[in-house]
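The file coords_6.tsv contains TSV, C-alpha atoms:
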```tsv
chain	number	residue	atom	x	y	z
E	37	MET	CA	15.33	15.60	-57.72
E	38	GLN	CA	14.82	13.01	-54.99
E	39	PRO	CA	13.98	9.43	-56.12
E	40	SER	CA	10.50	9.63	-54.57
E	41	ALA	CA	9.80	12.88	-56.44
E	42	ILE	CA	10.97	11.29	-59.70
E	43	PHE	CA	8.67	8.31	-59.06
E	44	TYR	CA	5.55	10.44	-58.47
E	45	ALA	CA	6.30	12.68	-61.43
E	46	ALA	CA	6.61	9.63	-63.67
E	47	LEU	CA	3.39	8.20	-62.22
E	48	ALA	CA	1.56	11.42	-63.01
E	49	ILE	CA	2.81	11.30	-66.63
E	50	CYS	CA	1.84	7.66	-67.06
E	51	LEU	CA	-1.49	7.94	-65.28
E	52	PRO	CA	-2.85	11.42	-65.97
E	53	GLU	CA	-6.31	10.39	-64.88
E	54	LEU	CA	-4.94	9.91	-61.36
E	55	ALA	CA	-3.04	13.18	-61.40
E	56	ASN	CA	-6.21	15.00	-62.44
E	57	ALA	CA	-8.64	12.96	-60.33
E	58	GLU	CA	-11.55	15.02	-59.12
E	59	THR	CA	-14.07	14.53	-56.35
E	60	LEU	CA	-17.68	15.63	-56.74
E	61	VAL	CA	-19.98	15.97	-53.73
E	62	VAL	CA	-23.62	15.19	-54.54
E	63	ASN	CA	-26.25	15.94	-51.91
E	64	SER	CA	-29.55	14.08	-52.03
E	65	TYR	CA	-31.73	11.63	-50.10
E	66	GLY	CA	-31.16	8.41	-48.20
E	67	GLY	CA	-33.22	5.22	-48.03
E	68	PRO	CA	-34.19	3.46	-51.28
E	69	TYR	CA	-33.30	6.61	-53.24
E	70	GLU	CA	-29.63	6.31	-52.26
E	71	ALA	CA	-29.31	2.66	-53.25
E	72	ILE	CA	-30.94	3.27	-56.62
E	73	ILE	CA	-29.02	6.43	-57.53
E	74	ARG	CA	-25.72	4.76	-56.69
E	75	GLN	CA	-26.42	1.80	-58.94
E	76	ALA	CA	-28.24	3.54	-61.80
E	77	ILE	CA	-26.36	6.85	-62.00
E	78	ILE	CA	-23.33	7.37	-59.77
E	79	GLU	CA	-21.39	4.18	-60.45
E	80	PRO	CA	-21.82	4.39	-64.26
E	81	PHE	CA	-20.82	8.09	-64.11
E	82	GLU	CA	-17.68	7.28	-62.15
E	83	ARG	CA	-16.72	4.53	-64.62
E	84	LYS	CA	-17.26	6.82	-67.60
E	85	THR	CA	-15.51	9.94	-66.28
E	86	GLY	CA	-13.07	8.80	-63.62
E	87	ILE	CA	-14.59	11.38	-61.27
E	88	ASP	CA	-15.12	10.16	-57.70
E	89	VAL	CA	-18.55	10.96	-56.29
E	90	VAL	CA	-19.05	11.48	-52.56
E	91	TYR	CA	-22.73	10.99	-51.75
E	92	ASP	CA	-24.14	13.23	-49.02
E	93	ALA	CA	-27.53	11.84	-47.95
E	94	VAL	CA	-28.44	14.62	-45.52
E	95	GLY	CA	-31.50	16.87	-45.47
E	96	SER	CA	-34.77	17.38	-47.31
E	97	ALA	CA	-35.07	19.70	-50.30
E	98	SER	CA	-36.16	22.61	-48.09
E	99	GLN	CA	-33.40	21.91	-45.55
E	100	ASP	CA	-30.79	21.71	-48.31
E	101	TYR	CA	-31.88	25.05	-49.70
E	102	ALA	CA	-31.78	26.56	-46.21
E	103	LYS	CA	-28.17	25.37	-45.95
E	104	ILE	CA	-27.33	26.92	-49.33
E	105	LYS	CA	-28.92	30.20	-48.25
E	106	ALA	CA	-27.22	30.25	-44.83
E	107	SER	CA	-23.81	29.63	-46.43
E	108	ASP	CA	-24.35	32.26	-49.16
E	109	GLY	CA	-24.10	29.61	-51.87
E	110	HIS	CA	-21.18	27.64	-50.33
E	111	PRO	CA	-22.88	24.63	-48.64
E	112	GLY	CA	-20.02	22.19	-49.17
E	113	PHE	CA	-21.65	20.16	-51.95
E	114	ASP	CA	-21.42	20.62	-55.73
E	115	VAL	CA	-24.73	19.17	-56.96
E	116	VAL	CA	-27.95	19.11	-54.98
E	117	VAL	CA	-31.28	17.40	-55.63
E	118	MET	CA	-34.17	19.72	-54.81
E	119	THR	CA	-37.53	20.59	-56.33
E	120	ALA	CA	-38.53	23.22	-58.85
E	121	SER	CA	-39.76	25.49	-56.05
E	122	GLN	CA	-36.32	25.73	-54.43
E	123	SER	CA	-34.71	25.97	-57.86
E	124	LEU	CA	-36.76	29.04	-58.71
E	125	GLN	CA	-36.14	30.64	-55.33
E	126	GLY	CA	-32.41	29.96	-55.53
E	127	CYS	CA	-32.24	31.62	-58.92
E	128	ARG	CA	-34.06	34.65	-57.62
E	129	ASP	CA	-31.69	34.81	-54.66
E	130	GLY	CA	-28.61	34.44	-56.85
E	131	LEU	CA	-27.50	31.35	-54.92
E	132	LEU	CA	-27.65	28.80	-57.76
E	133	ASP	CA	-25.85	28.72	-61.10
E	134	LYS	CA	-27.86	29.11	-64.28
E	135	LEU	CA	-27.60	26.06	-66.51
E	136	ASP	CA	-27.04	26.34	-70.25
E	137	VAL	CA	-27.62	23.84	-73.06
E	138	SER	CA	-24.23	24.75	-74.54
E	139	GLU	CA	-22.58	23.20	-71.47
E	140	ILE	CA	-25.27	20.62	-70.63
E	141	PRO	CA	-26.50	19.45	-74.07
E	142	ASN	CA	-29.11	17.00	-72.73
E	143	LEU	CA	-31.10	19.91	-71.33
E	144	GLY	CA	-32.30	20.34	-74.90
E	145	SER	CA	-34.01	16.94	-74.81
E	146	LEU	CA	-36.36	17.79	-71.93
E	147	THR	CA	-40.02	18.69	-72.39
E	148	ARG	CA	-40.06	22.48	-72.56
E	149	SER	CA	-43.09	23.07	-70.35
E	150	LEU	CA	-41.61	21.01	-67.52
E	151	GLN	CA	-38.11	22.43	-67.83
E	152	ASN	CA	-39.41	26.00	-68.05
E	153	ALA	CA	-41.43	25.45	-64.87
E	154	ALA	CA	-38.18	24.78	-63.00
E	155	GLY	CA	-36.51	27.96	-64.22
E	156	PRO	CA	-32.99	28.48	-65.59
E	157	CYS	CA	-31.12	27.08	-62.57
E	158	GLY	CA	-32.65	23.60	-62.35
E	159	ALA	CA	-32.44	20.53	-64.58
E	160	VAL	CA	-35.57	18.37	-64.27
E	161	HIS	CA	-34.21	14.86	-63.81
E	162	GLU	CA	-37.45	13.18	-62.70
E	163	VAL	CA	-41.17	13.79	-62.66
E	164	GLN	CA	-43.35	12.37	-59.95
E	165	TYR	CA	-46.94	13.32	-59.31
E	166	MET	CA	-49.17	13.42	-56.28
E	167	ALA	CA	-51.20	10.22	-56.42
E	168	LEU	CA	-54.08	8.97	-54.31
E	169	LEU	CA	-52.70	5.88	-52.55
E	170	TYR	CA	-55.15	3.42	-50.99
E	171	ARG	CA	-55.46	-0.02	-49.38
E	172	THR	CA	-57.00	-2.47	-51.83
E	173	ASP	CA	-57.99	-4.81	-48.97
E	174	LYS	CA	-59.95	-2.12	-47.13
E	175	LEU	CA	-61.82	-0.22	-49.85
E	176	ALA	CA	-64.52	-1.95	-51.88
E	177	ALA	CA	-63.70	0.12	-54.96
E	178	ALA	CA	-60.78	2.21	-56.11
E	179	PRO	CA	-61.17	5.96	-55.49
E	180	THR	CA	-61.60	8.11	-58.58
E	181	SER	CA	-61.67	11.66	-57.19
E	182	TRP	CA	-59.79	13.72	-54.61
E	183	ALA	CA	-63.20	14.26	-53.02
E	184	ASP	CA	-63.26	10.55	-52.14
E	185	LEU	CA	-60.92	11.35	-49.24
E	186	LEU	CA	-63.98	12.92	-47.60
E	187	SER	CA	-66.00	9.70	-47.80
E	188	PRO	CA	-67.55	8.60	-44.45
E	189	ASP	CA	-65.91	5.21	-45.05
E	190	LEU	CA	-62.52	6.89	-44.51
E	191	LYS	CA	-63.37	8.58	-41.21
E	192	LYS	CA	-60.10	8.52	-39.19
E	193	LYS	CA	-58.50	6.43	-41.92
E	194	VAL	CA	-56.68	9.32	-43.64
E	195	VAL	CA	-53.37	10.97	-42.73
E	196	LEU	CA	-52.27	14.33	-44.09
E	197	PRO	CA	-48.87	15.93	-44.75
E	198	THR	CA	-47.85	19.00	-42.81
E	199	PHE	CA	-47.68	22.30	-44.66
E	200	GLN	CA	-43.86	22.05	-44.63
E	201	ASN	CA	-44.24	19.15	-47.08
E	202	ILE	CA	-45.06	20.55	-50.54
E	203	MET	CA	-47.53	17.69	-50.96
E	204	ALA	CA	-49.86	19.53	-48.55
E	205	VAL	CA	-49.82	22.59	-50.79
E	206	TYR	CA	-50.55	20.51	-53.87
E	207	LEU	CA	-53.39	18.70	-52.08
E	208	LEU	CA	-54.85	22.06	-51.06
E	209	GLU	CA	-54.73	23.18	-54.70
E	210	MET	CA	-56.29	20.01	-56.07
E	211	MET	CA	-59.05	20.05	-53.45
E	212	SER	CA	-59.70	23.62	-54.53
E	213	VAL	CA	-60.04	22.57	-58.18
E	214	THR	CA	-62.23	19.63	-57.19
E	215	GLU	CA	-64.56	22.01	-55.33
E	216	GLY	CA	-64.75	24.52	-58.18
E	217	GLY	CA	-61.86	26.82	-57.23
E	218	GLY	CA	-58.46	27.42	-58.79
E	219	LEU	CA	-54.86	26.38	-58.31
E	220	ILE	CA	-53.63	29.82	-57.22
E	221	ASP	CA	-56.50	32.29	-57.27
E	222	ASN	CA	-59.90	31.49	-55.77
E	223	ILE	CA	-58.28	29.09	-53.30
E	224	ASP	CA	-61.06	29.46	-50.69
E	225	PRO	CA	-62.85	26.24	-51.76
E	226	GLY	CA	-59.60	24.38	-51.16
E	227	PHE	CA	-59.24	25.65	-47.61
E	228	ALA	CA	-62.86	24.81	-46.87
E	229	ALA	CA	-62.39	21.26	-48.15
E	230	MET	CA	-59.11	20.84	-46.27
E	231	ALA	CA	-60.76	21.99	-43.03
E	232	LYS	CA	-63.30	19.17	-43.45
E	233	LEU	CA	-60.57	16.71	-44.37
E	234	SER	CA	-58.56	17.69	-41.30
E	235	GLY	CA	-61.45	16.58	-39.10
E	236	GLN	CA	-61.61	13.36	-41.10
E	237	SER	CA	-57.89	12.60	-40.63
E	238	ILE	CA	-55.83	11.10	-37.81
E	239	GLY	CA	-53.43	14.04	-37.99
E	240	PHE	CA	-50.42	15.45	-39.84
E	241	GLU	CA	-46.90	14.17	-40.55
E	242	GLN	CA	-44.03	15.79	-42.47
E	243	SER	CA	-41.85	12.79	-43.33
E	244	SER	CA	-42.76	10.58	-46.28
E	245	ALA	CA	-41.31	7.62	-44.40
E	246	ILE	CA	-43.71	8.15	-41.50
E	247	LEU	CA	-46.66	8.78	-43.80
E	248	GLU	CA	-45.79	5.53	-45.56
E	249	SER	CA	-45.71	3.59	-42.30
E	250	TYR	CA	-49.37	4.36	-41.61
E	251	ILE	CA	-50.63	2.79	-44.80
E	252	LYS	CA	-48.23	-0.14	-44.46
E	253	ASP	CA	-49.74	-1.17	-41.12
E	254	ALA	CA	-53.30	-0.30	-42.25
E	255	THR	CA	-53.77	2.46	-39.68
E	256	VAL	CA	-54.60	4.54	-42.74
E	257	TRP	CA	-56.55	3.36	-45.78
E	258	ALA	CA	-56.01	6.29	-48.14
E	259	MET	CA	-53.73	9.33	-48.44
E	260	PRO	CA	-51.92	11.52	-50.96
E	261	PHE	CA	-48.46	10.21	-51.83
E	262	TRP	CA	-45.81	10.58	-54.50
E	263	ASN	CA	-46.38	8.01	-57.22
E	264	GLY	CA	-42.78	6.77	-57.42
E	265	ARG	CA	-42.74	5.75	-53.79
E	266	ALA	CA	-46.27	4.42	-54.15
E	267	GLN	CA	-45.08	2.13	-56.94
E	268	LEU	CA	-42.27	0.85	-54.74
E	269	LEU	CA	-44.90	-0.16	-52.16
E	270	VAL	CA	-46.90	-1.94	-54.87
E	271	ASP	CA	-43.75	-3.75	-55.95
E	272	GLU	CA	-43.17	-4.90	-52.36
E	273	GLY	CA	-46.40	-6.87	-52.64
E	274	LEU	CA	-48.38	-4.78	-50.17
E	275	PRO	CA	-52.19	-4.64	-50.67
E	276	VAL	CA	-52.04	-1.08	-52.00
E	277	ASP	CA	-52.55	0.71	-55.29
E	278	TYR	CA	-52.71	4.31	-56.49
E	279	VAL	CA	-54.56	6.44	-59.03
E	280	ARG	CA	-54.40	9.80	-60.78
E	281	PRO	CA	-57.86	11.14	-59.89
E	282	LYS	CA	-60.17	12.39	-62.60
E	283	GLU	CA	-59.55	16.05	-61.70
E	284	GLY	CA	-55.87	15.55	-62.57
E	285	THR	CA	-52.89	16.14	-60.32
E	286	ILE	CA	-49.80	18.30	-59.84
E	287	PRO	CA	-46.32	17.05	-60.68
E	288	LEU	CA	-43.36	17.13	-58.36
E	289	LEU	CA	-40.49	18.30	-60.55
E	290	ALA	CA	-37.20	17.14	-59.03
E	291	THR	CA	-34.22	19.20	-60.12
E	292	LEU	CA	-30.44	18.96	-60.17
E	293	ASN	CA	-28.85	22.24	-59.12
E	294	ILE	CA	-25.34	23.67	-58.74
E	295	PRO	CA	-24.79	26.01	-55.78
E	296	ALA	CA	-23.13	29.26	-56.83
E	297	GLY	CA	-20.12	28.50	-54.62
E	298	SER	CA	-19.50	24.97	-55.91
E	299	GLU	CA	-15.79	24.17	-56.19
E	300	HIS	CA	-16.15	21.66	-59.05
E	301	LYS	CA	-18.56	23.24	-61.50
E	302	ALA	CA	-17.28	21.54	-64.66
E	303	ALA	CA	-17.66	18.12	-63.02
E	304	ALA	CA	-21.08	19.15	-61.69
E	305	ARG	CA	-22.25	20.05	-65.19
E	306	SER	CA	-20.90	16.73	-66.49
E	307	PHE	CA	-22.85	14.86	-63.80
E	308	ILE	CA	-26.08	16.67	-64.66
E	309	ASP	CA	-25.63	16.01	-68.37
E	310	PHE	CA	-24.95	12.33	-67.65
E	311	PHE	CA	-28.08	12.06	-65.48
E	312	LEU	CA	-30.16	13.53	-68.32
E	313	GLU	CA	-28.80	11.15	-70.98
E	314	LYS	CA	-31.40	8.86	-72.57
E	315	THR	CA	-29.90	5.66	-71.14
E	316	SER	CA	-29.49	7.23	-67.69
E	317	GLN	CA	-33.10	8.41	-67.65
E	318	GLU	CA	-34.26	4.95	-68.69
E	319	ALA	CA	-32.27	3.40	-65.85
E	320	TRP	CA	-33.61	5.95	-63.35
E	321	VAL	CA	-37.25	5.52	-64.40
E	322	ALA	CA	-36.98	1.73	-64.24
E	323	GLY	CA	-35.18	1.81	-60.89
E	324	TYR	CA	-37.00	4.51	-58.94
E	325	LYS	CA	-40.39	4.06	-60.66
E	326	VAL	CA	-40.73	7.73	-61.57
E	327	GLY	CA	-41.44	9.64	-64.76
E	328	SER	CA	-39.09	11.62	-66.94
E	329	ALA	CA	-39.06	14.99	-68.64
E	330	ARG	CA	-37.68	13.18	-71.70
E	331	MET	CA	-40.43	11.81	-73.91
E	332	ASP	CA	-38.02	9.80	-76.12
E	333	ILE	CA	-37.02	7.18	-73.56
E	334	GLU	CA	-37.95	3.50	-73.59
E	335	VAL	CA	-40.02	2.57	-70.54
E	336	PRO	CA	-41.01	-0.92	-69.35
E	337	GLU	CA	-44.60	-1.54	-70.40
E	338	ALA	CA	-45.68	-2.27	-66.81
E	339	LEU	CA	-44.63	1.25	-65.81
E	340	ARG	CA	-45.54	3.18	-68.92
E	341	SER	CA	-49.22	3.72	-68.13
E	342	ARG	CA	-48.48	4.73	-64.54
E	343	GLN	CA	-45.63	7.18	-64.95
E	344	VAL	CA	-45.32	10.54	-66.67
E	345	THR	CA	-43.44	9.31	-69.71
E	346	THR	CA	-45.96	9.95	-72.49
E	347	PRO	CA	-47.79	12.97	-73.94
E	348	GLU	CA	-51.06	11.38	-72.76
E	349	ALA	CA	-49.88	11.30	-69.16
E	350	MET	CA	-48.70	14.89	-69.49
E	351	ARG	CA	-52.27	16.00	-70.17
E	352	SER	CA	-53.36	14.84	-66.71
E	353	LEU	CA	-50.89	17.21	-65.03
E	354	ARG	CA	-51.67	20.70	-63.82
E	355	LEU	CA	-48.76	23.12	-63.61
E	356	PRO	CA	-49.32	26.05	-61.24
E	357	ASP	CA	-47.02	29.03	-61.63
E	358	LEU	CA	-44.44	28.05	-59.04
E	359	THR	CA	-43.05	31.58	-58.74
E	360	VAL	CA	-46.47	32.96	-57.85
E	361	LEU	CA	-47.07	29.95	-55.61
E	362	GLY	CA	-43.85	30.68	-53.76
E	363	ASP	CA	-45.04	34.21	-53.09
E	364	ARG	CA	-48.29	32.87	-51.59
E	365	LEU	CA	-46.80	30.23	-49.30
E	366	ALA	CA	-46.23	32.41	-46.24
E	367	GLU	CA	-49.83	33.64	-46.28
E	368	TRP	CA	-51.21	30.17	-47.02
E	369	GLY	CA	-49.09	28.64	-44.26
E	370	GLN	CA	-50.61	30.96	-41.66
E	371	ARG	CA	-54.08	30.24	-42.95
E	372	TRP	CA	-53.38	26.49	-42.93
E	373	GLU	CA	-52.56	26.61	-39.22
E	374	ARG	CA	-55.59	28.77	-38.46
E	375	ASP	CA	-58.24	27.12	-40.68
E	376	VAL	CA	-57.04	23.56	-41.30
E	377	VAL	CA	-54.91	22.32	-38.39
E	378	SER	CA	-57.36	23.80	-35.91
E	379	GLN	CA	-60.06	21.47	-37.21
E	380	ALA	CA	-58.13	18.28	-36.44
E	381	ARG	CA	-59.75	16.37	-33.60
```

As structure tokens, how would this structure be written, given the file I've shared?
Amino acid sequence: MQPSAIFYAALAICLPELANAETLVVNSYGGPYEAIIRQAIIEPFERKTGIDVVYDAVGSASQDYAKIKASDGHPGFDVVVMTASQSLQGCRDGLLDKLDVSEIPNLGSLTRSLQNAAGPCGAVHEVQYMALLYRTDKLAAAPTSWADLLSPDLKKKVVLPTFQNIMAVYLLEMMSVTEGGGLIDNIDPGFAAMAKLSGQSIGFEQSSAILESYIKDATVWAMPFWNGRAQLLVDEGLPVDYVRPKEGTIPLLATLNIPAGSEHKAAARSFIDFFLEKTSQEAWVAGYKVGSARMDIEVPEALRSRQVTTPEAMRSLRLPDLTVLGDRLAEWGQRWERDVVSQAR
């Protein structure tokens, strides 16, 4: 054996963690999300396991799922952050691995109703909800209802998400409930209300970053927005605040998923289990200002009343059947363009 070969063989014996080093590719979002997940989750995971994490901040949840589908489950990443809607669809398409509590024990600590809503292929690692975000320096009183978006005081001071952003679907459903309709069936009142709101708005945007920019510069005074990002704006010191309207709201269940063609499935399951640990969830809630599907975590008092981290907060959430919702989206999308977008002026 050559001296160099002897050296590397000895190194592998002495440092087995280097010989067995593994790289895990995690796909998720950029911006503030990336900075927080690196500090709160990825770096502690790497220290604990010795697994190197490559962070791939490319694509939205829908774009990531499109990549998984186009590659027949081999997108080049091992763990992906999506939403419960894509998780359910990926399971139905056979493109995501099913997750089991025997391999990911912390799945057993999640609230059953929330975890069940995401299906067997997704681990709910955070819970946001659609909030009503508003400028405190422009409105005399805080809004209390989704119907307040139709107030004459907000004429051309509202911006709406495009239908490609799931927030638009949830707003449609909550406007339906507010007007006496339902979340899935009897959705006509929602479309009627959204047609009026379209005429009230300045238009439609898909990106949360662009939506956010409108309320930052006071072009817009009120809009639907995810509560975690809304809290980050509050923490920046901007004159904004947000509410869960009296009719309730719909949660955004963010999931961790493993594509069927992942090359490092054991490491992927370890990462998911680590993210769901009590201390990890506490760090994530405190850092990203979101809620958790674990009800046993300790949450800073300033956040506790605003996030979904208690049974009381859970009661304000409405959970539509996401499988049925997925089946309706194509039809609703066509109707949105015909009945809602056409009313913008």

Give me the residues within 8 Å of range 237-250 of chain E as an mmCIF file with C-alpha atoms, in the frame of the given file, counting only C-alpha atoms and dropping any in the same chain fewer than 4 places off.
```
data_model
loop_
_atom_site.group_PDB
_atom_site.id
_atom_site.type_symbol
_atom_site.label_atom_id
_atom_site.label_comp_id
_atom_site.auth_asym_id
_atom_site.auth_seq_id
_atom_site.Cartn_x
_atom_site.Cartn_y
_atom_site.Cartn_z
ATOM 1 C CA LYS E 191 -63.370 8.580 -41.210
ATOM 2 C CA LYS E 192 -60.100 8.520 -39.190
ATOM 3 C CA LYS E 193 -58.500 6.430 -41.920
ATOM 4 C CA VAL E 194 -56.680 9.320 -43.640
ATOM 5 C CA VAL E 195 -53.370 10.970 -42.730
ATOM 6 C CA LEU E 196 -52.270 14.330 -44.090
ATOM 7 C CA PRO E 197 -48.870 15.930 -44.750
ATOM 8 C CA THR E 198 -47.850 19.000 -42.810
ATOM 9 C CA PHE E 199 -47.680 22.300 -44.660
ATOM 10 C CA GLN E 200 -43.860 22.050 -44.630
ATOM 11 C CA ASN E 201 -44.240 19.150 -47.080
ATOM 12 C CA LEU E 233 -60.570 16.710 -44.370
ATOM 13 C CA ALA E 254 -53.300 -0.300 -42.250
ATOM 14 C CA THR E 255 -53.770 2.460 -39.680
ATOM 15 C CA VAL E 256 -54.600 4.540 -42.740
ATOM 16 C CA PHE E 261 -48.460 10.210 -51.830
ATOM 17 C CA ALA E 380 -58.130 18.280 -36.440
ATOM 18 C CA ARG E 381 -59.750 16.370 -33.600
#
```

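For the atom pair formed by CA of Gln151 in chain E and CA of Gln317 in chain E, the distance is 14.9 Å, given to one decimal.
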
What lies within 10 Å of Ser378 in chain E using all atoms listed in the file, ignoring chain neighbours under 3 positions off, as number ranges by chain?
-> E: 231, 234-235, 372-375, 381

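Atom pair CA of Gly112 in chain E / CA of Gly158 in chain E has a distance of 18.3 Å (rounded to one decimal).
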
Between CA of Pro281 in chain E and CA of Ser181 in chain E, measure the distance and give it in Å to one decimal.
-> 4.7 Å

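Shortest atom-to-atom contact with Ile308 in chain E among E:Ala229, E:Leu361, E:Leu292, E:Ala266: E:Leu292, counting all atoms listed in the file.
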
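Candidate residues E:Leu312, E:Val205, E:Val360, E:Ala159 were compared for distance to Asn142 in chain E, and the nearest is E:Leu312, using only C-alpha atoms.
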
For Pro287 in chain E, which residue out of E:Gly369, E:Gly144, E:Pro356, E:Pro156 is the nearest one, using only C-alpha atoms?
-> E:Pro356

Shell around Gly226 in chain E at 12 Å using all atoms listed in the file, local window under 3 positions removed, as a PyMOL selection string | chain E and resi 182-183+204-223+229-234+368+371-372+375-376

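Applying the 9 Å criterion to (-21.0, 29.7, -51.7) in file coordinates and using all atoms listed in the file, one obtains the residues Ile104, Lys105, Ser107, Asp108, Gly109, His110, Pro111, Gly112, Leu131, Pro295, Ala296, Gly297, Ser298 and Glu299 of chain E.
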
May I have the protein, DNA and RNA residues with any atom at most 8 Å from the point (-57.6, 3.5, -47.3), counting only C-alpha atoms, written as a tab-separated table (two decimals) with C-alpha atoms, in the coordinates of the input?
```
chain	number	residue	atom	x	y	z
E	169	LEU	CA	-52.70	5.88	-52.55
E	170	TYR	CA	-55.15	3.42	-50.99
E	171	ARG	CA	-55.46	-0.02	-49.38
E	172	THR	CA	-57.00	-2.47	-51.83
E	174	LYS	CA	-59.95	-2.12	-47.13
E	175	LEU	CA	-61.82	-0.22	-49.85
E	190	LEU	CA	-62.52	6.89	-44.51
E	193	LYS	CA	-58.50	6.43	-41.92
E	194	VAL	CA	-56.68	9.32	-43.64
E	251	ILE	CA	-50.63	2.79	-44.80
E	254	ALA	CA	-53.30	-0.30	-42.25
E	256	VAL	CA	-54.60	4.54	-42.74
E	257	TRP	CA	-56.55	3.36	-45.78
E	258	ALA	CA	-56.01	6.29	-48.14
E	259	MET	CA	-53.73	9.33	-48.44
```

Do you know which residues are at most 12 Å from Met118 in chain E counting all atoms listed in the file, after dropping those on the same chain fewer than 6 positions away, and could you put them as number ranges by chain?
-> E: 62-65, 95-102, 104, 124-126, 132, 154, 157-162, 202, 288-295

Any idea what's packed within 12 Å of range 76-90 of chain E, counting only C-alpha atoms, ignoring anything in its chain fewer than 2 positions away? Could you give it as a VMD selection string?
-> chain E and resid 51 to 64 69 to 74 92 to 93 112 to 116 161 300 302 to 304 306 to 324

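Proximity ranking of E:Asp129, E:Gln236, E:Glu283, E:Gln267 relative to Ala106 in chain E places E:Asp129 first, based on only C-alpha atoms.
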
Would you mind completing range 309-324 of chain E so that it carries N, CA and C atoms, and writing it out as a PDB file, in the coordinates of the input?
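After the write, result_14.pdb holds the following:
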```pdb
ATOM      1  N   ASP E 309     -25.429  16.443 -66.988  1.00  0.00           N
ATOM      2  CA  ASP E 309     -25.630  16.010 -68.370  1.00  0.00           C
ATOM      3  C   ASP E 309     -25.734  14.492 -68.452  1.00  0.00           C
ATOM      4  N   PHE E 310     -24.902  13.795 -67.666  1.00  0.00           N
ATOM      5  CA  PHE E 310     -24.950  12.330 -67.650  1.00  0.00           C
ATOM      6  C   PHE E 310     -26.298  11.842 -67.119  1.00  0.00           C
ATOM      7  N   PHE E 311     -26.803  12.470 -66.070  1.00  0.00           N
ATOM      8  CA  PHE E 311     -28.080  12.060 -65.480  1.00  0.00           C
ATOM      9  C   PHE E 311     -29.231  12.257 -66.476  1.00  0.00           C
ATOM     10  N   LEU E 312     -29.101  13.237 -67.360  1.00  0.00           N
ATOM     11  CA  LEU E 312     -30.160  13.530 -68.320  1.00  0.00           C
ATOM     12  C   LEU E 312     -30.041  12.722 -69.614  1.00  0.00           C
ATOM     13  N   GLU E 313     -28.952  11.966 -69.778  1.00  0.00           N
ATOM     14  CA  GLU E 313     -28.800  11.150 -70.980  1.00  0.00           C
ATOM     15  C   GLU E 313     -29.964  10.161 -71.092  1.00  0.00           C
ATOM     16  N   LYS E 314     -30.282   9.771 -72.319  1.00  0.00           N
ATOM     17  CA  LYS E 314     -31.400   8.860 -72.570  1.00  0.00           C
ATOM     18  C   LYS E 314     -31.256   7.561 -71.780  1.00  0.00           C
ATOM     19  N   THR E 315     -30.082   6.931 -71.843  1.00  0.00           N
ATOM     20  CA  THR E 315     -29.900   5.660 -71.140  1.00  0.00           C
ATOM     21  C   THR E 315     -29.950   5.833 -69.623  1.00  0.00           C
ATOM     22  N   SER E 316     -29.446   6.969 -69.126  1.00  0.00           N
ATOM     23  CA  SER E 316     -29.490   7.230 -67.690  1.00  0.00           C
ATOM     24  C   SER E 316     -30.931   7.441 -67.231  1.00  0.00           C
ATOM     25  N   GLN E 317     -31.698   8.175 -68.004  1.00  0.00           N
ATOM     26  CA  GLN E 317     -33.100   8.410 -67.650  1.00  0.00           C
ATOM     27  C   GLN E 317     -33.895   7.106 -67.677  1.00  0.00           C
ATOM     28  N   GLU E 318     -33.578   6.251 -68.641  1.00  0.00           N
ATOM     29  CA  GLU E 318     -34.260   4.950 -68.690  1.00  0.00           C
ATOM     30  C   GLU E 318     -33.927   4.121 -67.454  1.00  0.00           C
ATOM     31  N   ALA E 319     -32.665   4.148 -67.036  1.00  0.00           N
ATOM     32  CA  ALA E 319     -32.270   3.400 -65.850  1.00  0.00           C
ATOM     33  C   ALA E 319     -32.921   3.974 -64.593  1.00  0.00           C
ATOM     34  N   TRP E 320     -33.023   5.308 -64.521  1.00  0.00           N
ATOM     35  CA  TRP E 320     -33.610   5.950 -63.350  1.00  0.00           C
ATOM     36  C   TRP E 320     -35.106   5.681 -63.260  1.00  0.00           C
ATOM     37  N   VAL E 321     -35.807   5.783 -64.379  1.00  0.00           N
ATOM     38  CA  VAL E 321     -37.250   5.520 -64.400  1.00  0.00           C
ATOM     39  C   VAL E 321     -37.536   4.070 -64.009  1.00  0.00           C
ATOM     40  N   ALA E 322     -36.765   3.146 -64.555  1.00  0.00           N
ATOM     41  CA  ALA E 322     -36.980   1.730 -64.240  1.00  0.00           C
ATOM     42  C   ALA E 322     -36.633   1.421 -62.790  1.00  0.00           C
ATOM     43  N   GLY E 323     -35.616   2.103 -62.248  1.00  0.00           N
ATOM     44  CA  GLY E 323     -35.180   1.810 -60.890  1.00  0.00           C
ATOM     45  C   GLY E 323     -36.016   2.470 -59.816  1.00  0.00           C
ATOM     46  N   TYR E 324     -36.307   3.766 -59.994  1.00  0.00           N
ATOM     47  CA  TYR E 324     -37.000   4.510 -58.940  1.00  0.00           C
ATOM     48  C   TYR E 324     -38.505   4.641 -59.197  1.00  0.00           C
TER      49      TYR E 324
END
```
